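Q: Contents of structure.cif (mmCIF, C-alpha atoms and all ligand atoms) are given next:
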data_protein
#
loop_
_atom_site.label_atom_id
_atom_site.label_comp_id
_atom_site.auth_asym_id
_atom_site.auth_seq_id
_atom_site.Cartn_x
_atom_site.Cartn_y
_atom_site.Cartn_z
CA MET A 1 -17.94 -14.41 -3.15
CA ARG A 2 -16.60 -13.00 -6.42
CA LEU A 3 -14.07 -10.23 -5.86
CA LEU A 4 -12.58 -7.72 -8.27
CA ILE A 5 -9.22 -6.74 -6.80
CA THR A 6 -7.66 -3.74 -8.49
CA GLY A 7 -3.91 -3.24 -8.29
CA GLY A 8 -3.53 -6.91 -7.43
CA ALA A 9 -0.13 -7.17 -9.08
CA GLY A 10 1.31 -4.63 -6.65
CA PHE A 11 2.71 -5.21 -3.19
CA MET A 12 -0.28 -5.42 -0.90
CA GLY A 13 -2.82 -6.38 -3.57
CA SER A 14 -0.83 -9.50 -4.45
CA ASN A 15 -0.45 -10.45 -0.78
CA PHE A 16 -4.21 -10.03 -0.32
CA ILE A 17 -5.02 -12.21 -3.35
CA ARG A 18 -2.77 -14.98 -2.02
CA TYR A 19 -4.31 -14.64 1.45
CA ILE A 20 -7.91 -14.85 0.17
CA LEU A 21 -7.31 -17.76 -2.21
CA LYS A 22 -5.75 -19.72 0.63
CA LYS A 23 -8.37 -18.91 3.23
CA TYR A 24 -11.51 -19.14 1.06
CA PRO A 25 -11.07 -21.97 -1.48
CA ASP A 26 -14.42 -21.17 -3.13
CA TYR A 27 -13.93 -17.40 -3.67
CA LYS A 28 -13.32 -16.19 -7.21
CA ILE A 29 -10.83 -13.40 -7.80
CA THR A 30 -10.38 -11.17 -10.81
CA ASN A 31 -7.28 -9.00 -10.68
CA LEU A 32 -7.35 -5.80 -12.76
CA ASP A 33 -3.93 -4.17 -12.97
CA LYS A 34 -2.30 -1.77 -15.41
CA LEU A 35 1.14 -3.24 -14.67
CA THR A 36 2.85 0.08 -14.09
CA TYR A 37 6.46 -0.06 -12.89
CA ALA A 38 5.03 -1.17 -9.51
CA GLY A 39 2.90 -4.00 -10.90
CA ASN A 40 4.66 -7.33 -11.25
CA LEU A 41 3.13 -10.65 -12.20
CA GLU A 42 6.08 -12.40 -10.52
CA ASN A 43 4.32 -11.48 -7.26
CA LEU A 44 1.58 -13.97 -8.16
CA ARG A 45 3.43 -16.82 -9.88
CA ASP A 46 2.31 -19.28 -7.21
CA VAL A 47 -1.40 -18.61 -7.76
CA GLU A 48 -1.60 -17.80 -11.47
CA LYS A 49 -2.77 -21.31 -12.40
CA ASN A 50 -5.49 -21.40 -9.77
CA PRO A 51 -8.76 -21.80 -11.75
CA LEU A 52 -10.50 -19.39 -9.36
CA TYR A 53 -8.03 -16.61 -10.20
CA LYS A 54 -8.05 -14.51 -13.36
CA PHE A 55 -5.79 -11.62 -14.40
CA THR A 56 -6.77 -8.77 -16.73
CA LYS A 57 -4.32 -6.10 -17.77
CA GLY A 58 -6.05 -2.72 -17.83
CA ASP A 59 -6.44 0.75 -16.40
CA ILE A 60 -8.95 1.54 -13.66
CA CYS A 61 -9.63 4.81 -15.54
CA ASP A 62 -11.01 2.80 -18.48
CA GLN A 63 -14.75 2.60 -17.88
CA LYS A 64 -15.30 -0.04 -20.55
CA ILE A 65 -12.83 -2.53 -19.08
CA VAL A 66 -13.90 -1.78 -15.53
CA ASP A 67 -17.59 -2.28 -16.40
CA SER A 68 -16.92 -5.54 -18.21
CA LEU A 69 -15.26 -6.97 -15.08
CA ALA A 70 -17.48 -5.31 -12.47
CA LYS A 71 -20.54 -6.85 -14.04
CA GLU A 72 -19.22 -10.34 -13.19
CA VAL A 73 -18.38 -9.75 -9.50
CA ASP A 74 -20.02 -8.97 -6.17
CA VAL A 75 -17.47 -6.67 -4.54
CA ILE A 76 -14.63 -4.42 -5.67
CA VAL A 77 -11.67 -4.10 -3.30
CA SER A 78 -9.52 -1.34 -4.71
CA TYR A 79 -5.78 -1.36 -4.07
CA ALA A 80 -4.80 0.21 -7.43
CA ALA A 81 -3.05 3.53 -7.00
CA GLU A 82 0.11 5.42 -7.67
CA THR A 83 1.63 5.07 -4.21
CA HIS A 84 5.13 6.49 -3.85
CA VAL A 85 5.29 9.95 -2.27
CA ASP A 86 8.63 10.92 -3.87
CA ARG A 87 7.32 10.05 -7.34
CA SER A 88 4.19 12.13 -6.69
CA ILE A 89 6.41 15.14 -6.03
CA MET A 90 8.07 14.64 -9.45
CA ASN A 91 4.96 13.68 -11.43
CA PRO A 92 1.68 14.57 -9.69
CA ARG A 93 -0.57 14.16 -12.74
CA GLU A 94 -0.42 10.36 -12.86
CA PHE A 95 -1.43 10.32 -9.20
CA ALA A 96 -4.44 12.55 -9.80
CA MET A 97 -5.49 10.41 -12.78
CA THR A 98 -5.31 7.00 -11.12
CA ASP A 99 -6.08 7.83 -7.51
CA VAL A 100 -8.96 10.25 -8.25
CA ILE A 101 -10.37 9.51 -11.73
CA GLY A 102 -9.62 5.79 -11.41
CA THR A 103 -11.56 5.65 -8.14
CA GLN A 104 -14.48 7.53 -9.69
CA THR A 105 -14.51 5.05 -12.58
CA LEU A 106 -14.67 2.09 -10.19
CA LEU A 107 -17.41 3.71 -8.12
CA GLU A 108 -19.45 4.31 -11.27
CA ALA A 109 -19.22 0.59 -12.12
CA ALA A 110 -20.14 -0.46 -8.56
CA LYS A 111 -23.17 1.83 -8.84
CA LYS A 112 -24.20 0.51 -12.24
CA TYR A 113 -24.06 -3.14 -11.15
CA LYS A 114 -25.53 -2.46 -7.69
CA HIS A 115 -22.72 -4.14 -5.80
CA PRO A 116 -23.55 -4.91 -2.17
CA LEU A 117 -20.15 -3.45 -1.11
CA TYR A 118 -17.18 -1.42 -2.39
CA VAL A 119 -13.96 -1.30 -0.32
CA GLN A 120 -11.45 1.49 -0.85
CA ILE A 121 -7.91 0.85 0.44
CA SER A 122 -6.61 4.20 1.60
CA THR A 123 -3.96 5.72 3.77
CA ASP A 124 -3.31 7.65 6.97
CA GLU A 125 -1.46 10.24 4.86
CA VAL A 126 -4.74 11.92 3.90
CA PHE A 127 -4.88 13.32 7.47
CA GLY A 128 -1.50 15.04 7.15
CA SER A 129 1.03 15.03 9.96
CA VAL A 130 0.33 14.87 13.70
CA GLU A 131 2.82 16.10 16.36
CA SER A 132 1.03 14.40 19.26
CA GLY A 133 -2.14 12.37 19.69
CA LYS A 134 -3.70 10.19 16.99
CA PHE A 135 -5.87 10.56 13.91
CA THR A 136 -9.40 9.26 14.34
CA GLU A 137 -11.76 8.45 11.48
CA GLU A 138 -13.24 11.92 11.99
CA SER A 139 -9.94 13.83 11.71
CA PRO A 140 -9.97 16.41 8.90
CA PHE A 141 -8.19 15.68 5.62
CA LEU A 142 -5.03 17.83 5.48
CA PRO A 143 -2.87 16.12 2.82
CA ASN A 144 0.62 17.52 2.24
CA SER A 145 1.92 15.63 -0.82
CA PRO A 146 0.34 15.22 -4.27
CA TYR A 147 0.04 11.49 -3.41
CA ALA A 148 -1.86 12.17 -0.19
CA ALA A 149 -4.05 14.79 -1.90
CA SER A 150 -4.89 12.37 -4.72
CA LYS A 151 -5.81 9.60 -2.26
CA ALA A 152 -7.91 12.13 -0.32
CA GLY A 153 -9.70 13.01 -3.58
CA GLY A 154 -10.54 9.34 -4.16
CA ASP A 155 -11.73 8.94 -0.57
CA LEU A 156 -13.94 12.03 -0.83
CA LEU A 157 -15.52 10.62 -3.98
CA CYS A 158 -16.27 7.44 -2.00
CA ARG A 159 -18.00 9.55 0.62
CA ALA A 160 -19.92 11.52 -2.00
CA TYR A 161 -21.07 8.37 -3.84
CA ALA A 162 -22.14 6.79 -0.55
CA ILE A 163 -24.22 9.82 0.39
CA THR A 164 -25.53 10.87 -3.01
CA TYR A 165 -26.31 7.45 -4.43
CA LYS A 166 -26.76 5.63 -1.11
CA MET A 167 -24.06 3.16 -2.05
CA PRO A 168 -22.58 0.64 0.43
CA ILE A 169 -18.97 1.80 0.61
CA ILE A 170 -16.21 1.30 3.19
CA VAL A 171 -13.02 3.37 3.23
CA THR A 172 -9.98 2.16 5.16
CA HIS A 173 -7.07 4.34 6.29
CA SER A 174 -4.00 2.27 7.02
CA CYS A 175 -0.59 3.03 8.43
CA ASN A 176 2.62 2.08 6.54
CA PHE A 177 2.82 -1.46 5.15
CA PHE A 178 5.93 -3.64 5.06
CA GLY A 179 6.72 -7.25 4.17
CA GLN A 180 7.40 -9.53 1.22
CA TYR A 181 7.03 -8.26 -2.39
CA GLN A 182 7.24 -4.54 -1.49
CA TYR A 183 8.81 -2.64 -4.37
CA PRO A 184 12.36 -1.68 -3.38
CA GLU A 185 11.84 2.08 -3.64
CA LYS A 186 9.97 2.17 -0.34
CA PHE A 187 11.95 2.80 2.84
CA ILE A 188 12.24 -0.70 4.38
CA PRO A 189 12.90 -2.77 1.21
CA LEU A 190 15.14 -0.03 -0.22
CA PHE A 191 17.31 -0.06 2.89
CA ILE A 192 17.45 -3.86 3.12
CA THR A 193 18.32 -4.34 -0.56
CA ASN A 194 20.85 -1.48 -0.62
CA LEU A 195 22.68 -3.10 2.28
CA LEU A 196 22.52 -6.53 0.63
CA GLU A 197 24.10 -4.89 -2.45
CA GLY A 198 26.85 -3.34 -0.30
CA LYS A 199 25.45 0.19 -0.79
CA LYS A 200 24.71 2.93 1.73
CA VAL A 201 21.18 3.81 2.84
CA PRO A 202 19.80 7.32 2.14
CA LEU A 203 18.13 8.52 5.34
CA TYR A 204 16.12 11.73 4.83
CA GLY A 205 16.93 14.62 7.17
CA LYS A 206 18.06 13.34 10.55
CA GLY A 207 15.92 10.19 10.47
CA GLY A 208 13.62 11.47 13.22
CA ASN A 209 10.33 11.19 11.28
CA ILE A 210 7.89 8.73 12.77
CA ARG A 211 5.69 6.21 11.00
CA GLU A 212 3.30 3.57 12.34
CA TRP A 213 3.92 0.18 10.68
CA ILE A 214 1.80 -2.86 9.83
CA TYR A 215 2.99 -6.23 8.49
CA THR A 216 1.45 -7.59 5.27
CA GLN A 217 -0.35 -10.48 6.99
CA ASP A 218 -1.97 -8.16 9.51
CA HIS A 219 -3.17 -5.77 6.83
CA CYS A 220 -4.61 -8.69 4.86
CA SER A 221 -6.43 -9.95 7.95
CA ALA A 222 -7.80 -6.46 8.60
CA ILE A 223 -9.23 -6.15 5.08
CA ASP A 224 -10.61 -9.69 5.27
CA PHE A 225 -12.25 -8.79 8.58
CA ILE A 226 -13.70 -5.56 7.18
CA LEU A 227 -14.97 -7.34 4.07
CA HIS A 228 -16.93 -9.79 6.21
CA HIS A 229 -17.75 -7.81 9.35
CA GLY A 230 -17.38 -4.13 8.42
CA LYS A 231 -20.44 -1.90 8.21
CA ALA A 232 -21.19 -0.31 4.87
CA GLY A 233 -20.95 3.47 5.04
CA GLU A 234 -18.21 3.37 7.68
CA VAL A 235 -14.59 4.45 7.63
CA TYR A 236 -11.99 2.36 9.50
CA ASN A 237 -8.47 3.20 10.61
CA ILE A 238 -6.08 0.22 10.49
CA GLY A 239 -3.14 0.58 12.86
CA THR A 240 -0.90 -1.40 15.16
CA GLY A 241 0.54 1.15 17.56
CA TRP A 242 4.05 0.28 16.32
CA GLU A 243 5.45 3.79 16.00
CA LYS A 244 9.13 4.01 15.12
CA THR A 245 11.51 6.70 13.94
CA ASN A 246 13.20 6.01 10.63
CA LEU A 247 16.54 6.00 12.44
CA GLU A 248 15.34 3.30 14.86
CA ILE A 249 14.29 1.08 11.97
CA THR A 250 17.51 1.77 10.08
CA LYS A 251 19.53 0.66 13.12
CA LEU A 252 17.46 -2.53 13.43
CA ILE A 253 18.06 -3.38 9.76
CA LEU A 254 21.78 -2.56 10.02
CA GLY A 255 22.07 -4.78 13.11
CA ALA A 256 20.20 -7.68 11.49
CA LEU A 257 22.51 -7.55 8.48
CA GLY A 258 25.68 -7.14 10.53
CA LYS A 259 26.40 -3.63 9.19
CA GLY A 260 27.57 -0.53 11.02
CA GLU A 261 26.11 2.97 11.22
CA SER A 262 28.75 4.20 8.77
CA GLN A 263 26.45 2.76 6.10
CA ILE A 264 23.94 5.55 6.78
CA GLU A 265 24.05 8.51 4.42
CA PHE A 266 22.02 11.42 5.75
CA VAL A 267 20.56 13.05 2.63
CA LYS A 268 18.51 16.15 1.88
CA ASN A 269 14.99 15.89 3.23
CA ARG A 270 11.89 15.09 1.17
CA PRO A 271 9.92 18.30 0.49
CA ALA A 272 6.91 18.61 2.84
CA HIS A 273 8.08 15.49 4.67
CA ASP A 274 5.31 14.62 7.14
CA TRP A 275 6.75 14.37 10.64
CA ARG A 276 4.53 11.74 12.23
CA TYR A 277 1.58 9.50 11.40
CA SER A 278 -0.38 7.83 14.17
CA LEU A 279 -3.78 6.18 13.98
CA ASP A 280 -6.45 5.55 16.57
CA SER A 281 -7.69 2.14 15.41
CA SER A 282 -10.01 1.49 18.36
CA LYS A 283 -13.11 1.55 16.14
CA LEU A 284 -11.96 -1.51 14.16
CA ARG A 285 -10.55 -3.23 17.24
CA SER A 286 -13.88 -2.83 19.05
CA LEU A 287 -15.41 -5.03 16.32
CA GLY A 288 -12.89 -7.80 17.06
CA TRP A 289 -9.86 -7.31 14.76
CA LYS A 290 -6.35 -7.01 16.14
CA PRO A 291 -2.86 -7.42 14.67
CA LYS A 292 -1.08 -10.73 15.34
CA TYR A 293 2.56 -10.03 14.58
CA GLU A 294 5.25 -8.29 16.64
CA PHE A 295 7.14 -5.55 14.82
CA LYS A 296 10.65 -6.90 15.35
CA ASP A 297 9.75 -10.47 14.36
CA ALA A 298 7.94 -9.23 11.26
CA LEU A 299 10.91 -7.03 10.32
CA LEU A 300 13.32 -9.96 10.70
CA GLU A 301 11.01 -12.15 8.56
CA THR A 302 10.98 -9.41 5.94
CA ILE A 303 14.77 -9.10 5.94
CA LYS A 304 15.03 -12.88 5.59
CA TRP A 305 12.63 -12.84 2.64
CA TYR A 306 14.66 -10.19 0.76
CA LYS A 307 17.86 -12.12 1.52
CA ASN A 308 16.32 -15.29 0.03
CA ASN A 309 14.64 -13.64 -2.94
CA GLU A 310 17.33 -11.67 -4.75
CA ASN A 311 15.95 -13.02 -8.04
CA TRP A 312 12.76 -11.11 -7.35
CA TRP A 313 14.19 -7.70 -6.44
CA LYS A 314 17.52 -7.49 -8.32
CA PRO A 315 15.91 -7.02 -11.78
CA LEU A 316 13.66 -4.31 -10.31
CA LYS A 317 16.65 -2.19 -9.24
CA SER A 318 17.85 -1.50 -12.77
CA GLY A 319 16.63 0.28 -15.94
CA ASP A 320 13.91 2.86 -15.27
CA TYR A 321 14.39 2.47 -11.54
CA LEU A 322 17.88 3.94 -11.76
CA LYS A 323 16.61 6.83 -13.91
CA TYR A 324 14.06 7.57 -11.20
CA TYR A 325 16.81 7.76 -8.60
CA GLU A 326 18.95 10.10 -10.69
CA GLU A 327 15.98 12.40 -11.25
CA GLN A 328 14.94 12.32 -7.62
CA TYR A 329 18.27 13.54 -6.29
CA LYS A 330 19.07 15.89 -9.23
CA ASN A 331 16.09 18.08 -8.31
CA ARG A 332 16.70 18.28 -4.57
P1 LIG A 401 1.94 -0.66 -5.11
O1 LIG A 401 2.50 0.63 -5.61
O2 LIG A 401 2.87 -1.74 -4.70
O3 LIG A 401 0.97 -1.29 -6.23
C1 LIG A 401 0.01 -0.52 -6.89
C2 LIG A 401 -0.57 -1.40 -7.99
O4 LIG A 401 -1.57 -0.65 -8.69
C3 LIG A 401 0.46 -1.83 -9.04
O5 LIG A 401 0.32 -3.20 -9.32
C4 LIG A 401 0.12 -0.99 -10.26
O6 LIG A 401 0.43 -1.61 -11.49
C5 LIG A 401 -1.38 -0.82 -10.08
N1 LIG A 401 -1.90 0.38 -10.76
C6 LIG A 401 -1.40 1.64 -10.72
N2 LIG A 401 -2.13 2.44 -11.49
C7 LIG A 401 -3.14 1.69 -12.01
C8 LIG A 401 -4.21 1.96 -12.88
N3 LIG A 401 -4.43 3.19 -13.37
N4 LIG A 401 -5.04 0.95 -13.22
C9 LIG A 401 -4.83 -0.32 -12.73
N5 LIG A 401 -3.82 -0.63 -11.93
C10 LIG A 401 -2.98 0.37 -11.56
O7 LIG A 401 0.91 -0.30 -3.94
P2 LIG A 401 0.84 -0.77 -2.42
O8 LIG A 401 1.95 -0.16 -1.68
O9 LIG A 401 0.60 -2.22 -2.36
O10 LIG A 401 -0.50 0.00 -1.98
C11 LIG A 401 -1.77 -0.55 -2.29
C12 LIG A 401 -2.85 0.41 -1.83
O11 LIG A 401 -2.74 0.63 -0.44
C13 LIG A 401 -2.78 1.79 -2.48
O12 LIG A 401 -4.09 2.23 -2.74
C14 LIG A 401 -2.13 2.67 -1.42
O13 LIG A 401 -2.53 4.01 -1.54
C15 LIG A 401 -2.66 2.02 -0.16
N6 LIG A 401 -1.78 2.15 1.02
C16 LIG A 401 -0.46 1.82 0.92
C17 LIG A 401 0.35 1.87 2.06
C18 LIG A 401 1.81 1.49 2.01
O14 LIG A 401 2.50 1.63 3.01
N7 LIG A 401 2.34 1.02 0.89
C19 LIG A 401 -0.21 2.25 3.29
C20 LIG A 401 -1.57 2.60 3.34
C21 LIG A 401 -2.35 2.53 2.20
O1 LIG A 402 1.43 6.02 5.66
C1 LIG A 402 1.00 5.23 4.60
C2 LIG A 402 1.84 5.52 3.38
O2 LIG A 402 3.12 4.98 3.61
C3 LIG A 402 1.26 4.98 2.09
O3 LIG A 402 0.02 5.57 1.85
C4 LIG A 402 2.21 5.22 0.92
O4 LIG A 402 1.71 4.63 -0.26
C5 LIG A 402 3.55 4.64 1.24
O5 LIG A 402 4.47 4.95 0.21
C6 LIG A 402 4.06 5.15 2.58
O6 LIG A 402 4.44 6.54 2.50
P1 LIG A 402 5.77 7.02 3.26
O7 LIG A 402 6.22 8.27 2.64
O8 LIG A 402 5.58 7.01 4.73
O9 LIG A 402 6.73 5.77 2.90
P2 LIG A 402 8.23 5.68 2.36
O10 LIG A 402 8.57 4.22 2.35
O11 LIG A 402 8.42 6.44 1.11
O12 LIG A 402 9.03 6.39 3.51
C7 LIG A 402 8.92 5.99 4.87
C8 LIG A 402 9.75 6.96 5.69
O13 LIG A 402 11.13 6.76 5.35
C9 LIG A 402 9.45 8.41 5.40
O14 LIG A 402 9.55 9.17 6.60
C10 LIG A 402 10.54 8.84 4.45
C11 LIG A 402 11.72 7.97 4.85
N1 LIG A 402 12.64 7.62 3.76
C12 LIG A 402 12.09 7.05 2.64
C13 LIG A 402 12.91 6.71 1.58
C14 LIG A 402 12.32 6.09 0.33
C15 LIG A 402 14.00 7.83 3.87
O15 LIG A 402 14.49 8.33 4.92
N2 LIG A 402 14.81 7.50 2.82
C16 LIG A 402 14.32 6.96 1.67
O16 LIG A 402 15.10 6.68 0.72
#
Could you take the file, read its structure, and then write that structure out as structure tokens?
A:
Amino acid sequence: MRLLITGGAGFMGSNFIRYILKKYPDYKITNLDKLTYAGNLENLRDVEKNPLYKFTKGDICDQKIVDSLAKEVDVIVSYAAETHVDRSIMNPREFAMTDVIGTQTLLEAAKKYKHPLYVQISTDEVFGSVESGKFTEESPFLPNSPYAASKAGGDLLCRAYAITYKMPIIVTHSCNFFGQYQYPEKFIPLFITNLLEGKKVPLYGKGGNIREWIYTQDHCSAIDFILHHGKAGEVYNIGTGWEKTNLEITKLILGALGKGESQIEFVKNRPAHDWRYSLDSSKLRSLGWKPKYEFKDALLETIKWYKNNENWWKPLKSGDYLKYYEEQYKNR
């Protein structure tokens, strides 16, 4: 199979490329990535010389580049997106461009070259927040942040292309990812790296918000499973059932690093901070996929990885990253 992975220099895209190259030694992968602040070729150093892997720097909104690559592959798996909720609150336009127009551009190419499948990597955030119960694949889209609204726009275009042009498209809604190579602005790597740097951790509100978490390897196996066994035209939730408050996770990280709760700084809440995400993933599980890792083990593995890979994350926490932090708190 020849895959075009978009956003493959980001966190989960790079983990997926590594996973596929290892598991399927005859698959060819083209990685199209704009290399925004979140894209990092260091994430793929170990596979860059693999003759079955090719990198192209480019924007998924650029139809010419997208067409030139799409014409050479069988399936697009699209990870490329602006992904950080706090950044979307400060600069929504980039999110609308990449997550909506970029998706439309990719769909257009998949249509033109009659691909047998297009896979859209999306999020549980499109459903909004749920106090009790779980989101199913049929839950209405009620996005609360510009990020979630932009992802919902991309997902709706997938639906419209599938229906209007009878295209074979699968959309996945996943819960929160964590693991190696996650950019250290996201909750878990930010907290681990802050503590490793001797800094405090900024917990929004009272830390009671709940997220459902999935480890990198389990998300990769879910997308692999969907790629090979998913049904075109379907939507799949990808969840683990590991629901945790942010405070619970903070305490686990503090404990693992031998730090006390005095390292927590309760800061002003994120605007429109969704209270809880929770997915009903029984549809995917009924086909035969299930997560393999236990939350606590996966979290400890992740902490160990950040401890052992300071060379990877230290350079990321400087320059523009610091400007982003100043701006984020200045406007709250
Ligand atoms: P990330 O922010 O780590 O990486 C995104 C990648 O996309 C980067 O390499 C970036 O350079 C690239 N990119 C951004 N704009 C682009 C453009 N216009 N053209 C080409 N490349 C572009 O992302 P992630 O956290 O690994 O998330 C991957 C996907 O999974 C996203 O679609 C996201 O919405 C979805 N998702 C993420 C999570 C999560 O917890 N992180 C959970 C569910 C779904
Ligand atoms: O649910 C899937 C989504 O998960 C993905 O679609 C997004 O791309 C991804 O960014 C993530 O969104 P969240 O907003 O849930 O993730 P984030 O890591 O930003 O925050 C997780 C929780 O931690 C959330 O309740 C906010 C809180 N938080 C986050 C940061 C960065 C803090 O308390 N302090 C922080 O500094």
Q: Select the residues contacting ligand LIG 402 (chain A) at a distance of at most 9 Å, based on only C-alpha atoms and all ligand atoms, then format the selection as number ranges by chain.
A: A: 81-86, 122-126, 147-148, 151, 173-178, 184-191, 201-213, 245-247, 250, 266-267, 269-270, 273-278
Q: If you keep C-alpha atoms, can you produce a file of those selected residues as a compact mmCIF listing (two decimals), keeping the file's coordinate frame?
A:
# COMPACT_ATOMS: atom_id res chain seq x y z
CA ALA A 81 -3.05 3.53 -7.00
CA GLU A 82 0.11 5.42 -7.67
CA THR A 83 1.63 5.07 -4.21
CA HIS A 84 5.13 6.49 -3.85
CA VAL A 85 5.29 9.95 -2.27
CA ASP A 86 8.63 10.92 -3.87
CA SER A 122 -6.61 4.20 1.60
CA THR A 123 -3.96 5.72 3.77
CA ASP A 124 -3.31 7.65 6.97
CA GLU A 125 -1.46 10.24 4.86
CA VAL A 126 -4.74 11.92 3.90
CA TYR A 147 0.04 11.49 -3.41
CA ALA A 148 -1.86 12.17 -0.19
CA LYS A 151 -5.81 9.60 -2.26
CA HIS A 173 -7.07 4.34 6.29
CA SER A 174 -4.00 2.27 7.02
CA CYS A 175 -0.59 3.03 8.43
CA ASN A 176 2.62 2.08 6.54
CA PHE A 177 2.82 -1.46 5.15
CA PHE A 178 5.93 -3.64 5.06
CA PRO A 184 12.36 -1.68 -3.38
CA GLU A 185 11.84 2.08 -3.64
CA LYS A 186 9.97 2.17 -0.34
CA PHE A 187 11.95 2.80 2.84
CA ILE A 188 12.24 -0.70 4.38
CA PRO A 189 12.90 -2.77 1.21
CA LEU A 190 15.14 -0.03 -0.22
CA PHE A 191 17.31 -0.06 2.89
CA VAL A 201 21.18 3.81 2.84
CA PRO A 202 19.80 7.32 2.14
CA LEU A 203 18.13 8.52 5.34
CA TYR A 204 16.12 11.73 4.83
CA GLY A 205 16.93 14.62 7.17
CA LYS A 206 18.06 13.34 10.55
CA GLY A 207 15.92 10.19 10.47
CA GLY A 208 13.62 11.47 13.22
CA ASN A 209 10.33 11.19 11.28
CA ILE A 210 7.89 8.73 12.77
CA ARG A 211 5.69 6.21 11.00
CA GLU A 212 3.30 3.57 12.34
CA TRP A 213 3.92 0.18 10.68
CA THR A 245 11.51 6.70 13.94
CA ASN A 246 13.20 6.01 10.63
CA LEU A 247 16.54 6.00 12.44
CA THR A 250 17.51 1.77 10.08
CA PHE A 266 22.02 11.42 5.75
CA VAL A 267 20.56 13.05 2.63
CA ASN A 269 14.99 15.89 3.23
CA ARG A 270 11.89 15.09 1.17
CA HIS A 273 8.08 15.49 4.67
CA ASP A 274 5.31 14.62 7.14
CA TRP A 275 6.75 14.37 10.64
CA ARG A 276 4.53 11.74 12.23
CA TYR A 277 1.58 9.50 11.40
CA SER A 278 -0.38 7.83 14.17
Q: Pick out the closest residue to ligand LIG 401 (chain A) from this set: A:Thr216, A:Ser262, A:Thr36, A:Thr56. Count only C-alpha atoms and all ligand atoms.
A: A:Thr36
Q: Restricting the calculation to all atoms listed in the file: of A:Asp99, A:Glu72, A:Glu48, A:Asp67, which residue gets closest to ligand LIG 401 (chain A)?
A: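 Under the stated criterion, the closest residue is A:Asp99.
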Q: One decimal, Å: what's the distance from CA of Leu32 in chain A over to CA of Leu316 in chain A, could you say?
A: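 Going from CA of Leu32 in chain A over to CA of Leu316 in chain A, I get 21.2 Å.
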Q: Around the point (-15.1, -4.7, 3.8), in the coordinates given by the file, pick out the residues reaching within 8 Å, counting only C-alpha atoms, and return them as a list in words.
A: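 Looking at atoms near the point gives Val77, Leu117, Tyr118, Val119, Ile170, Ile223, Asp224, Phe225, Ile226, Leu227, His228, His229, Gly230, Lys231 and Ala232 of chain A.
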Q: Residues at most 7 Å from range 4-20 of chain A, counting all atoms listed in the file, excluding those fewer than 4 positions away in the same chain, as number ranges by chain?
A: A: 24, 29-33, 35, 38-41, 43-44, 47, 70, 73, 75-81, 181-183, 216, 220
Q: Please determine, counting all atoms listed in the file, which residue among A:Val100, A:Ile169, A:Leu196, A:Leu284 has the shortest atom-to-atom distance to Ile238 in chain A.
A: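 Under the stated criterion, the closest residue is A:Leu284.
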Q: For ligand LIG 401 (chain A), which of A:Asn237, A:Lys71, A:Thr136, A:Tyr161 is the closest residue, counting only C-alpha atoms and all ligand atoms?
A: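 Ranked by minimum distance to ligand LIG 401 (chain A), first place goes to A:Asn237.
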Q: Which of these residues is nearest to Leu195 in chain A, using all atoms listed in the file: A:Glu326, A:Glu108, A:Glu261, A:Glu234?
A: A:Glu261
Q: For CA of Leu106 in chain A and CA of Ile121 in chain A, quote the distance in Å rounded to one decimal.
A: 12.7 Å
Q: Kindly indicate which residue among A:Lys134, A:Leu254, A:Ser88, A:Leu3 lies nearest to Lys54 in chain A, using all atoms listed in the file for the distances.
A: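 Distance minimum relative to Lys54 in chain A lands on A:Leu3.
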